[in-house]
$ cat data.cif   # mmCIF, C-alpha atoms
data_protein
#
loop_
_atom_site.label_atom_id
_atom_site.label_comp_id
_atom_site.auth_asym_id
_atom_site.auth_seq_id
_atom_site.Cartn_x
_atom_site.Cartn_y
_atom_site.Cartn_z
CA MET A 1 185.56 33.34 89.12
CA ASN A 2 189.39 33.56 89.18
CA SER A 3 191.47 36.17 87.35
CA ASN A 4 192.40 33.84 84.48
CA MET A 5 188.75 33.10 83.77
CA HIS A 6 187.92 36.81 83.92
CA GLU A 7 190.63 37.51 81.33
CA THR A 8 189.47 34.69 79.06
CA VAL A 9 185.84 35.80 79.10
CA ALA A 10 186.77 39.46 78.68
CA LYS A 11 189.00 38.66 75.67
CA GLN A 12 186.19 36.69 74.03
CA ALA A 13 183.85 39.65 74.45
CA GLU A 14 186.50 42.13 73.25
CA VAL A 15 187.23 40.15 70.07
CA ALA A 16 183.51 39.89 69.36
CA ASN A 17 183.08 43.63 69.80
CA GLU A 18 185.95 44.33 67.37
CA LYS A 19 184.17 42.12 64.81
CA GLY A 20 180.89 43.88 65.43
CA ASP A 21 179.26 40.78 66.94
CA GLY A 22 179.13 41.87 70.59
CA ASP A 23 176.86 43.79 72.88
CA ARG A 24 178.85 46.89 73.87
CA GLY A 25 176.73 47.76 76.88
CA LEU A 26 177.01 44.31 78.40
CA TYR A 27 180.74 44.16 77.57
CA ASP A 28 181.44 47.49 79.30
CA ASN A 29 179.33 46.42 82.28
CA PHE A 30 181.31 43.20 82.61
CA LYS A 31 184.72 44.89 82.27
CA THR A 32 183.99 47.44 84.98
CA THR A 33 181.83 45.54 87.48
CA LYS A 34 182.53 41.84 86.80
CA LYS A 35 178.77 41.39 87.17
CA LEU A 36 176.12 40.48 84.65
CA ARG A 37 172.47 41.10 84.10
CA PRO A 38 170.03 38.24 84.79
CA VAL A 39 169.66 35.82 81.89
CA SER A 40 168.59 32.25 81.25
CA VAL A 41 171.68 30.05 81.18
CA ALA A 42 169.52 27.02 80.51
CA LEU A 43 168.41 28.37 77.14
CA TYR A 44 171.87 29.51 76.11
CA PHE A 45 173.47 26.29 77.25
CA CYS A 46 170.93 24.40 75.15
CA TYR A 47 172.02 26.37 72.07
CA TYR A 48 175.76 25.92 72.46
CA ASN A 49 176.46 22.76 74.45
CA VAL A 50 177.79 20.01 72.17
CA GLY A 51 175.36 17.13 71.89
CA THR A 52 172.26 19.15 72.78
CA VAL A 53 172.40 21.82 70.11
CA ASN A 54 169.41 22.28 67.89
CA LYS A 55 171.41 23.17 64.79
CA ARG A 56 168.53 24.65 62.85
CA ALA A 57 167.39 26.78 65.78
CA SER A 58 170.83 28.09 66.64
CA MET A 59 171.49 29.12 63.02
CA CYS A 60 168.39 31.29 63.16
CA ILE A 61 169.66 33.25 66.16
CA SER A 62 171.18 36.67 65.59
CA ARG A 63 175.04 36.55 65.50
CA LYS A 64 175.42 39.83 67.32
CA LEU A 65 174.47 38.32 70.69
CA HIS A 66 176.79 35.30 70.37
CA ALA A 67 179.62 36.82 72.40
CA CYS A 68 177.21 37.97 75.10
CA ARG A 69 175.94 34.44 75.51
CA ILE A 70 179.49 33.12 75.91
CA VAL A 71 180.21 35.72 78.57
CA ARG A 72 177.00 34.94 80.42
CA ILE A 73 177.49 31.17 80.30
CA TRP A 74 181.02 31.43 81.71
CA ALA A 75 179.91 33.82 84.41
CA ILE A 76 176.97 31.71 85.49
CA LEU A 77 178.94 28.46 85.47
CA THR A 78 181.64 30.09 87.61
CA ASN A 79 179.24 31.51 90.21
CA THR A 80 179.40 35.20 89.33
CA VAL A 81 175.67 35.66 88.72
CA MET A 82 174.18 38.63 90.57
CA CYS A 83 171.22 36.62 91.88
CA PRO A 84 172.05 32.92 92.47
CA GLN A 85 169.23 30.49 91.77
CA PRO A 86 167.70 28.63 94.71
CA LYS A 87 167.60 24.86 94.78
CA ALA A 88 164.33 23.64 93.29
CA GLN A 89 163.49 21.36 96.22
CA ASP A 90 163.63 24.28 98.65
CA ALA A 91 162.16 27.05 96.50
CA VAL A 92 158.55 28.02 95.81
CA THR A 93 158.46 27.61 92.03
CA ILE A 94 156.19 29.89 90.01
CA ALA A 95 155.85 28.97 86.33
CA VAL A 96 154.51 31.71 84.05
CA SER A 97 153.82 31.58 80.34
CA SER A 98 155.29 34.21 78.01
CA ARG A 99 151.82 35.57 77.21
CA THR A 100 151.04 36.15 80.89
CA LEU A 101 154.38 37.76 81.68
CA PHE A 102 154.29 39.96 78.59
CA ASN A 103 151.51 41.40 76.45
CA MET A 104 151.89 39.44 73.22
CA ALA A 105 148.42 40.08 71.80
CA GLN A 106 149.75 41.46 68.51
CA GLU A 107 152.26 38.65 68.12
CA ASN A 108 149.59 36.06 68.88
CA ARG A 109 147.31 37.50 66.21
CA ILE A 110 150.12 37.15 63.66
CA TYR A 111 150.56 33.52 64.69
CA GLU A 112 146.84 32.74 64.43
CA GLN A 113 146.23 34.65 61.18
CA GLU A 114 149.49 34.23 59.26
CA GLY A 115 151.07 31.09 60.70
CA LEU A 116 154.18 30.01 62.56
CA GLU A 117 156.84 31.10 60.06
CA LYS A 118 155.54 34.68 59.88
CA TYR A 119 155.25 34.74 63.67
CA VAL A 120 158.87 33.65 64.16
CA ALA A 121 160.09 36.08 61.52
CA TYR A 122 158.23 38.95 63.20
CA GLN A 123 159.71 38.09 66.60
CA GLN A 124 163.23 38.00 65.15
CA GLU A 125 162.76 41.31 63.32
CA HIS A 126 161.63 42.94 66.58
CA GLU A 127 163.88 41.11 69.03
CA GLU A 128 165.61 44.33 70.09
CA GLU A 129 162.22 45.82 71.06
CA PRO A 130 161.18 44.82 74.60
CA LEU A 131 157.71 43.36 74.97
CA THR A 132 155.29 45.34 77.13
CA PRO A 133 154.26 44.00 80.56
CA GLY A 134 151.44 41.46 80.73
CA ALA A 135 148.88 40.47 83.35
CA ALA A 136 151.35 38.49 85.51
CA PHE A 137 154.09 41.13 85.37
CA PRO A 138 153.15 42.97 88.62
CA PHE A 139 152.85 39.62 90.41
CA VAL A 140 156.34 38.58 89.25
CA LYS A 141 157.81 41.93 90.33
CA ALA A 142 156.22 41.47 93.76
CA LEU A 143 157.77 38.00 94.03
CA MET A 144 161.16 39.57 93.38
CA THR A 145 160.53 42.12 96.15
CA VAL A 146 159.89 39.29 98.61
CA ASN A 147 163.06 37.52 97.44
CA ALA A 148 165.13 40.64 98.09
CA ARG A 149 163.87 40.78 101.67
CA LEU A 150 164.52 37.08 102.18
CA ARG A 151 168.09 37.39 100.91
CA ASP A 152 168.71 40.19 103.40
CA LEU A 153 167.48 38.05 106.29
CA TYR A 154 168.71 34.64 105.11
CA PRO A 155 171.69 35.09 102.75
CA GLU A 156 172.41 31.34 102.57
CA SER A 157 168.81 30.09 102.30
CA ASP A 158 167.20 28.68 99.15
CA GLU A 159 163.67 29.10 100.53
CA MET A 160 162.39 31.83 98.22
CA PHE A 161 160.48 32.22 94.97
CA ASP A 162 161.98 30.68 91.84
CA ILE A 163 160.34 32.05 88.69
CA VAL A 164 160.37 29.86 85.58
CA LEU A 165 159.27 30.94 82.10
CA VAL A 166 157.34 27.98 80.69
CA THR A 167 156.16 28.46 77.12
CA ASN A 168 155.41 26.48 73.98
CA ASN A 169 157.26 29.12 71.95
CA HIS A 170 160.01 28.00 69.59
CA ALA A 171 163.64 28.57 70.53
CA GLN A 172 163.97 31.15 67.74
CA VAL A 173 161.76 33.47 69.79
CA GLY A 174 163.98 33.10 72.84
CA VAL A 175 166.21 36.09 72.12
CA ARG A 176 163.34 38.57 72.28
CA LEU A 177 162.04 37.03 75.49
CA ILE A 178 165.48 37.17 77.09
CA ASN A 179 166.06 40.75 75.92
CA SER A 180 162.70 41.74 77.43
CA ILE A 181 163.49 40.02 80.73
CA ASN A 182 166.83 41.83 80.89
CA TYR A 183 165.24 45.15 79.93
CA TYR A 184 162.95 44.98 82.98
CA ASP A 185 165.66 43.48 85.25
CA LEU A 186 163.57 40.41 85.99
CA THR A 187 165.29 37.58 87.83
CA ILE A 188 164.21 34.72 85.61
CA GLU A 189 167.00 32.26 84.93
CA ARG A 190 165.06 29.11 84.07
CA PHE A 191 163.36 28.72 80.69
CA CYS A 192 161.31 25.88 79.25
CA MET A 193 160.62 26.44 75.53
CA THR A 194 158.87 23.45 74.01
CA GLY A 195 158.66 24.37 70.31
CA GLY A 196 154.91 24.07 69.90
CA GLN A 197 154.41 21.15 72.29
CA SER A 198 152.46 21.44 75.52
CA PRO A 199 154.71 22.35 78.45
CA ILE A 200 152.50 20.62 81.03
CA GLY A 201 154.70 17.54 81.24
CA TYR A 202 157.63 19.70 82.40
CA LEU A 203 155.79 21.35 85.29
CA THR A 204 156.23 18.37 87.59
CA ALA A 205 159.93 18.18 86.71
CA TYR A 206 160.30 21.84 87.70
CA MET A 207 158.51 21.06 91.00
CA THR A 208 155.98 23.77 90.19
CA ASP A 209 153.92 25.29 92.99
CA LEU A 210 151.84 27.57 90.73
CA TYR A 211 151.37 27.77 86.96
CA LEU A 212 149.87 30.84 85.26
CA SER A 213 148.86 30.82 81.60
CA LYS A 214 146.43 32.38 79.15
CA ASP A 215 145.59 28.95 77.73
CA SER A 216 142.68 27.49 79.70
CA LYS A 217 143.30 23.99 78.30
CA LYS A 218 146.86 23.97 79.60
CA VAL A 219 145.65 25.27 82.97
CA GLN A 220 143.03 22.53 83.11
CA GLY A 221 145.69 19.95 82.28
CA ALA A 222 147.93 21.25 85.06
CA ILE A 223 145.12 21.08 87.63
CA GLU A 224 144.32 17.52 86.55
CA ALA A 225 148.00 16.73 87.12
CA GLY A 226 147.69 18.03 90.69
CA ILE A 227 149.43 21.38 90.09
CA ALA A 228 147.95 24.69 91.26
CA ALA A 229 147.13 26.68 88.14
CA ALA A 230 144.96 29.53 86.85
CA THR A 231 144.09 31.31 83.62
CA MET A 232 144.95 35.00 83.37
CA PHE A 233 143.36 37.69 81.20
CA THR A 234 144.58 40.97 79.76
CA LEU A 235 143.53 43.97 81.83
CA GLU A 236 143.64 47.54 80.50
CA SER A 237 142.68 49.59 83.56
CA ASP A 238 144.18 48.63 86.89
CA ASN A 239 144.76 49.84 90.42
CA LYS A 240 148.07 51.15 91.68
CA LEU A 241 149.58 48.19 93.50
CA ASN A 242 151.71 48.05 96.61
CA ASP A 243 155.37 47.87 95.60
CA SER A 244 156.69 46.60 98.93
CA GLN A 245 154.21 43.81 99.77
CA LEU A 246 152.96 40.83 97.76
CA ARG A 247 149.18 40.58 98.16
CA VAL A 248 147.37 37.40 97.14
CA ALA A 249 143.60 36.94 97.47
CA PHE A 250 141.81 33.58 97.29
CA ASP A 251 138.23 32.49 96.94
CA GLY A 252 137.34 29.61 99.24
CA ASP A 253 135.19 26.87 97.73
CA ALA A 254 136.70 25.15 94.66
CA VAL A 255 139.90 27.20 95.07
CA LEU A 256 141.43 26.66 98.52
CA PHE A 257 138.85 24.01 99.39
CA SER A 258 137.13 21.33 97.35
CA ASP A 259 133.75 22.00 95.73
CA GLU A 260 131.90 19.53 98.00
CA SER A 261 129.90 22.25 99.77
CA GLU A 262 129.31 24.22 96.58
CA ILE A 263 127.78 21.11 95.02
CA ILE A 264 125.19 21.10 97.81
CA MET A 265 124.37 24.74 97.22
CA LYS A 266 124.13 24.42 93.43
CA THR A 267 122.06 21.26 93.43
CA GLN A 268 119.97 21.53 96.61
CA GLY A 269 119.75 25.23 97.36
CA LEU A 270 120.98 27.68 99.98
CA ASP A 271 119.00 26.31 102.94
CA SER A 272 120.38 22.81 102.41
CA PHE A 273 123.86 24.29 102.12
CA PHE A 274 123.53 26.06 105.50
CA GLU A 275 122.23 22.87 107.14
CA HIS A 276 125.07 20.85 105.63
CA GLU A 277 127.75 23.26 106.85
CA LYS A 278 126.26 23.34 110.34
CA GLN A 279 126.13 19.55 110.51
CA PHE A 280 129.73 19.16 109.32
CA GLU A 281 131.20 22.25 110.96
CA ASN A 282 133.92 20.24 112.70
CA LYS A 283 134.81 18.12 109.67
CA PRO A 284 137.58 19.76 107.62
CA LEU A 285 136.84 20.39 103.98
CA ALA A 286 138.93 18.50 101.45
CA GLN A 287 141.69 20.54 99.86
CA GLY A 288 141.16 22.47 96.65
CA PRO A 289 143.59 23.09 93.77
CA LEU A 290 145.32 26.12 95.35
CA LYS A 291 145.65 24.90 98.93
CA CYS A 292 149.28 23.92 98.36
CA PHE A 293 150.12 27.39 97.03
CA LEU A 294 148.68 29.01 100.17
CA GLU A 295 150.76 26.53 102.15
CA ALA A 296 153.89 27.59 100.25
CA LEU A 297 153.17 31.26 100.93
CA GLY A 298 152.69 30.45 104.61
CA LYS A 299 156.08 28.73 104.71
CA LEU A 300 157.77 31.92 103.50
CA GLN A 301 155.69 34.12 105.80
CA ARG A 302 156.90 32.15 108.81
CA LYS A 303 160.49 32.95 107.90
CA PHE A 304 159.66 36.62 108.47
CA TYR A 305 157.70 35.87 111.63
CA SER A 306 160.70 34.06 113.11
CA LYS A 307 162.70 37.28 112.69
CA ASP A 308 159.97 39.22 114.55
CA GLU A 309 158.76 40.85 111.33
CA ARG A 310 155.13 39.75 111.32
CA MET A 311 153.92 43.36 111.18
CA ASP A 312 156.33 44.14 108.36
CA CYS A 313 155.93 40.91 106.40
CA PRO A 314 156.13 41.48 102.62
CA ILE A 315 153.51 38.75 101.98
CA ARG A 316 149.85 39.22 102.86
CA THR A 317 147.07 36.74 102.13
CA TYR A 318 143.30 37.21 101.93
CA LEU A 319 140.29 34.91 101.88
CA VAL A 320 137.49 36.59 99.91
CA THR A 321 134.46 34.32 99.91
CA ALA A 322 130.78 34.65 99.05
CA ARG A 323 129.94 32.56 102.13
CA SER A 324 128.08 34.04 105.08
CA ALA A 325 130.15 34.23 108.25
CA ALA A 326 127.50 33.27 110.82
CA SER A 327 125.86 30.54 108.76
CA ALA A 328 128.82 28.95 106.98
CA GLY A 329 132.04 30.65 108.07
CA ALA A 330 133.12 28.51 111.01
CA ARG A 331 133.84 25.40 108.92
CA VAL A 332 136.17 27.36 106.65
CA LEU A 333 138.22 28.78 109.51
CA LYS A 334 138.35 25.45 111.32
CA THR A 335 139.52 23.77 108.10
CA LEU A 336 142.41 26.21 107.75
CA ARG A 337 143.29 25.64 111.40
CA SER A 338 143.29 21.86 110.92
CA TRP A 339 145.75 22.31 108.04
CA GLY A 340 148.03 24.46 110.17
CA LEU A 341 147.41 27.38 107.82
CA GLU A 342 146.17 30.92 108.28
CA VAL A 343 145.21 33.91 106.18
CA ASP A 344 145.92 37.47 107.22
CA GLU A 345 142.40 38.66 106.44
CA ALA A 346 139.12 36.76 105.97
CA LEU A 347 136.24 38.53 104.25
CA PHE A 348 132.82 36.83 104.26
CA LEU A 349 130.60 38.70 101.81
CA ALA A 350 127.31 36.76 102.13
CA GLY A 351 126.75 36.91 98.38
CA ALA A 352 127.71 40.57 97.90
CA PRO A 353 129.92 41.51 94.92
CA LYS A 354 133.63 40.93 95.47
CA GLY A 355 134.87 43.69 93.15
CA PRO A 356 134.55 46.70 95.48
CA LEU A 357 136.41 44.99 98.35
CA LEU A 358 139.13 43.73 96.02
CA GLN A 359 139.51 47.26 94.72
CA LYS A 360 140.43 48.29 98.27
CA ILE A 361 142.74 45.31 98.85
CA ARG A 362 144.54 45.81 95.52
CA PRO A 363 145.96 42.29 95.30
CA HIS A 364 148.65 41.40 92.79
CA ILE A 365 146.46 38.42 91.93
CA PHE A 366 143.00 37.17 92.91
CA PHE A 367 141.96 33.55 92.35
CA ASP A 368 138.35 32.49 91.83
CA ASP A 369 136.61 29.55 90.19
CA GLN A 370 133.62 31.46 88.78
CA MET A 371 133.94 33.77 85.81
CA PHE A 372 131.33 36.28 86.96
CA HIS A 373 133.45 36.98 90.05
CA ILE A 374 136.52 37.31 87.82
CA GLU A 375 134.70 39.71 85.52
CA GLY A 376 133.38 41.79 88.42
CA ALA A 377 136.87 42.09 89.88
CA GLN A 378 138.46 43.01 86.54
CA LYS A 379 135.82 45.64 85.89
CA LEU A 380 137.15 47.52 88.91
CA GLY A 381 140.80 47.06 88.00
CA THR A 382 141.78 43.90 89.91
CA ILE A 383 144.17 41.38 88.34
CA ALA A 384 142.17 38.16 88.53
CA ALA A 385 142.93 34.56 87.57
CA HIS A 386 140.35 31.89 86.82
CA VAL A 387 140.70 28.46 88.44
CA PRO A 388 138.76 26.03 86.17
CA TYR A 389 137.80 23.53 88.83
CA GLY A 390 134.62 22.14 90.33
CA ILE A 391 130.90 22.33 89.73
CA GLY A 392 131.03 26.10 89.18
CA GLN A 393 132.32 25.47 85.66
CA LYS A 394 128.85 24.15 84.77
CA TYR A 395 127.10 27.34 85.87
CA HIS A 396 127.01 30.98 84.79
CA ARG A 397 125.62 33.57 87.20
CA GLY A 398 123.95 30.83 89.21
CA GLN A 399 122.22 29.19 86.25
CA PRO A 400 123.26 25.94 84.54
CA TYR A 401 124.89 26.55 81.18
CA ASN A 402 122.06 24.71 79.42
CA GLN A 403 119.73 27.43 80.72
CA ALA A 404 121.99 30.45 80.39
CA PRO A 405 124.22 31.42 77.45
CA ARG A 406 127.83 30.49 78.08
CA VAL A 407 130.22 33.43 77.80
CA THR A 408 133.59 32.75 76.19
CA ARG A 409 136.43 35.22 76.26
CA ASP A 410 139.59 35.85 74.34
CA PRO A 411 142.34 35.99 76.98
CA ASP A 412 144.10 38.71 74.97
CA ALA A 413 141.01 40.91 74.83
CA ALA A 414 140.55 43.71 77.33
CA PHE A 415 137.81 43.15 79.89
CA GLN A 416 134.24 43.72 78.79
CA PRO A 417 131.53 43.15 81.42
CA CYS A 418 128.94 40.49 80.63
CA VAL A 419 125.54 41.65 79.42
CA GLN A 420 122.96 40.59 81.96
#
$ encode --input "data.cif" --output "structure tokens"
Amino acid sequence: MNSNMHETVAKQAEVANEKGDGDRGLYDNFKTTKKLRPVSVALYFCYYNVGTVNKRASMCISRKLHACRIVRIWAILTNTVMCPQPKAQDAVTIAVSSRTLFNMAQENRIYEQEGLEKYVAYQQEHEEEPLTPGAAFPFVKALMTVNARLRDLYPESDEMFDIVLVTNNHAQVGVRLINSINYYDLTIERFCMTGGQSPIGYLTAYMTDLYLSKDSKKVQGAIEAGIAAATMFTLESDNKLNDSQLRVAFDGDAVLFSDESEIIMKTQGLDSFFEHEKQFENKPLAQGPLKCFLEALGKLQRKFYSKDERMDCPIRTYLVTARSAASAGARVLKTLRSWGLEVDEALFLAGAPKGPLLQKIRPHIFFDDQMFHIEGAQKLGTIAAHVPYGIGQKYHRGQPYNQAPRVTRDPDAAFQPCVQ
């Protein structure tokens, strides 16, 4: 950004402050450091770019932030953003919904009980109050930690995490979301706000590697579109997480791998499952919905390995499976090898509960296809995400749903263990 542009932007902010329309803190920051806090230029540009303005939406936005938006747009367009965005084709794109990133349980109740207009009005009245962290917040912070390490090692590389906020919120709610993102210093520059429409169609355009939402229908739609996705739930009690290493734990069948072997176990029993796995030990399993996300993590891990930082890598992956090692473990490991992938730790539990081991691992996120594993993990403070894929969706605690009562959960409700 040249000196003339600096003067122009600074004058715009100064005039706005004299009129009472500016943000004094951001203005002072800009004048002294010539740097700006992270913000979504895409959303602001949508408001103010001629030809793409939603007139009704922009009129509903508070005037006092108008000058700040102008400053931020100019700064971003002239390459003075503190954290430049990676190119989408090179980045590992993580799309999170607003209700997973932030705890919006109260706001969602207003929407469901009082309607859209009251919801929007409430968000605007409280837009200066930052939202509290949600279930995906620690995961997003861990992604940013990895990015910081990657920038140190590869200053010119775009191979890093790119976090996108994908939400069906209306644009009028955008100011509170942006203020909350800035409050927590989150590096989220890309927004997709669809005004009540499903955002699923945009995930492919964003080249999404993982989508996290509280809406199980949207997650199901993403998986059907070939995108790794999972449903997250609010968690009240949690473990203290590692702040220097991203830890991601995966179930095996119907998560990293297809559900072909699980179908045998569910329909023909455990003995037939063991025989099947022995017979096909050297035949790789088909890929499951989250295989590509593990692959993306592995790509970033190898960037650290090439700098001789394997033992200090800020990404660690875990396979946590109910399979037995001796009877059914070899096929899993050989499948990963055939894909050119690896996990840092493989835990074969032979049907034992996963919760206690996950409590020791303390992952930022754990993916599983069966709700009773999710519930057991959450009971002990693990952030878990449900992958609605495969034959396991027809069963609850090993019994078909037509023989056992199906348990439904409000994603905004704190965890309550199932009654056995």
$ atom_distance --input "data.cif" --atom1 "atom CA of A:Thr194" --atom2 "atom CA of A:Pro130"
21.5 Å
$ residues_around --input "data.cif" --residues "A:Ser258" --least-positions-apart "4" --cutoff "7 Å" --atoms "only C-alpha atoms" --output "number ranges by chain"
A: 253-254, 285-288
$ atom_distance --input "data.cif" --atom1 "atom CA of A:Val96" --atom2 "atom CA of A:Arg310"
28.4 Å
$ residues_near_point --input "data.cif" --point "(155.5, 44.2, 91.8)" --cutoff "12 Å" --atoms "only C-alpha atoms" --output "PyMOL selection string"
chain A and resi 133+135-147+184+186+240-248+314-315+362-365
$ atom_distance --input "data.cif" --atom1 "atom CA of A:Ala230" --atom2 "atom CA of A:Gly201"
16.4 Å
$ closest_atom_pairs --input "data.cif" --of "stretch 102-124 of chain A" --to "stretch 156-171 of chain A" --cutoff "12 Å" --atoms "all atoms listed in the file" --output "CSV"
residue,atom,partner,partner_atom,distance
A:Phe102,CA,A:Leu165,CA,10.9
A:Met104,CA,A:Asn169,CA,11.7
A:Glu107,CA,A:Asn169,CA,11.4
A:Asn108,CA,A:Asn169,CA,10.8
A:Tyr111,CA,A:Asn169,CA,10.8
A:Leu116,CA,A:His170,CA,9.4
A:Glu117,CA,A:His170,CA,10.5
A:Tyr119,CA,A:His170,CA,10.2
A:Val120,CA,A:His170,CA,7.9
A:Ala121,CA,A:His170,CA,11.4
A:Gln123,CA,A:His170,CA,10.5
A:Gln124,CA,A:Ala171,CA,10.9
$ write_last_selection --input "data.cif" --atoms "C-alpha atoms" --output "CSV table (one decimal), in the frame of the given file"
chain,number,residue,atom,x,y,z
A,102,PHE,CA,154.3,40.0,78.6
A,104,MET,CA,151.9,39.4,73.2
A,107,GLU,CA,152.3,38.6,68.1
A,108,ASN,CA,149.6,36.1,68.9
A,111,TYR,CA,150.6,33.5,64.7
A,116,LEU,CA,154.2,30.0,62.6
A,117,GLU,CA,156.8,31.1,60.1
A,119,TYR,CA,155.2,34.7,63.7
A,120,VAL,CA,158.9,33.6,64.2
A,121,ALA,CA,160.1,36.1,61.5
A,123,GLN,CA,159.7,38.1,66.6
A,124,GLN,CA,163.2,38.0,65.2
$ resolve_selection --input "data.cif" --expression "the PyMOL selection byres ((chain A and resi 334) around 12)" --output "number ranges by chain"
A: 277, 280-285, 328-333, 335-342
$ write_last_selection --input "data.cif" --atoms "C-alpha atoms" --output "PDB file, in the coordinates of the input"
ATOM      1  CA  GLU A 277     127.750  23.260 106.850  1.00  0.00           C
ATOM      2  CA  PHE A 280     129.730  19.160 109.320  1.00  0.00           C
ATOM      3  CA  GLU A 281     131.200  22.250 110.960  1.00  0.00           C
ATOM      4  CA  ASN A 282     133.920  20.240 112.700  1.00  0.00           C
ATOM      5  CA  LYS A 283     134.810  18.120 109.670  1.00  0.00           C
ATOM      6  CA  PRO A 284     137.580  19.760 107.620  1.00  0.00           C
ATOM      7  CA  LEU A 285     136.840  20.390 103.980  1.00  0.00           C
ATOM      8  CA  ALA A 328     128.820  28.950 106.980  1.00  0.00           C
ATOM      9  CA  GLY A 329     132.040  30.650 108.070  1.00  0.00           C
ATOM     10  CA  ALA A 330     133.120  28.510 111.010  1.00  0.00           C
ATOM     11  CA  ARG A 331     133.840  25.400 108.920  1.00  0.00           C
ATOM     12  CA  VAL A 332     136.170  27.360 106.650  1.00  0.00           C
ATOM     13  CA  LEU A 333     138.220  28.780 109.510  1.00  0.00           C
ATOM     14  CA  THR A 335     139.520  23.770 108.100  1.00  0.00           C
ATOM     15  CA  LEU A 336     142.410  26.210 107.750  1.00  0.00           C
ATOM     16  CA  ARG A 337     143.290  25.640 111.400  1.00  0.00           C
ATOM     17  CA  SER A 338     143.290  21.860 110.920  1.00  0.00           C
ATOM     18  CA  TRP A 339     145.750  22.310 108.040  1.00  0.00           C
ATOM     19  CA  GLY A 340     148.030  24.460 110.170  1.00  0.00           C
ATOM     20  CA  LEU A 341     147.410  27.380 107.820  1.00  0.00           C
ATOM     21  CA  GLU A 342     146.170  30.920 108.280  1.00  0.00           C
TER      22      GLU A 342
END
$ resolve_selection --input "data.cif" --expression "the PyMOL selection byres ((chain A and resi 262) around 9)" --output "PyMOL selection string"
chain A and resi 253-254+258-261+263-267+273+390-392
$ residues_near_point --input "data.cif" --point "(149.9, 34.1, 106.6)" --cutoff "9 Å" --atoms "only C-alpha atoms" --output "JSON, numbers by chain"
{"A": [294, 295, 297, 298, 299, 300, 301, 302, 315, 316, 317, 318, 341, 342, 343, 344, 345]}
$ residues_around --input "data.cif" --residues "A:Thr321" --least-positions-apart "6" --cutoff "10 Å" --atoms "only C-alpha atoms" --output "number ranges by chain"
A: 249-253, 329, 332, 346-354, 368
$ axis_aligned_box --input "data.cif" --around "stretch 361-376 of chain A" --padding-each-side "4 Å" --output "JSON"
{"center_x": 140.0, "center_y": 37.7, "center_z": 92.2, "size_x": 25.3, "size_y": 24.3, "size_z": 21.3}
$ resolve_selection --input "data.cif" --expression "the PyMOL selection byres ((chain A and resi 95) around 12)" --output "PyMOL selection string"
chain A and resi 92-94+96-101+136+139-140+161-167+188-192+199-200+202-213+219+222+227-230
$ closest_residue --input "data.cif" --among "A:Leu380, A:Val387, A:Leu256, A:Ala296" --to "A:Asp215" --atoms "only C-alpha atoms"
A:Val387
$ closest_residue --input "data.cif" --among "A:Gln268, A:Lys218, A:Ser180, A:Glu125" --to "A:Gln197" --atoms "only C-alpha atoms"
A:Lys218
$ residues_around --input "data.cif" --residues "A:Ala385" --least-positions-apart "4" --cutoff "6 Å" --atoms "all atoms listed in the file" --output "PyMOL selection string"
chain A and resi 230-232+366-367
$ closest_residue --input "data.cif" --among "A:Phe274, A:Phe293, A:Phe233, A:Tyr122" --to "A:Ser327" --atoms "only C-alpha atoms"
A:Phe274
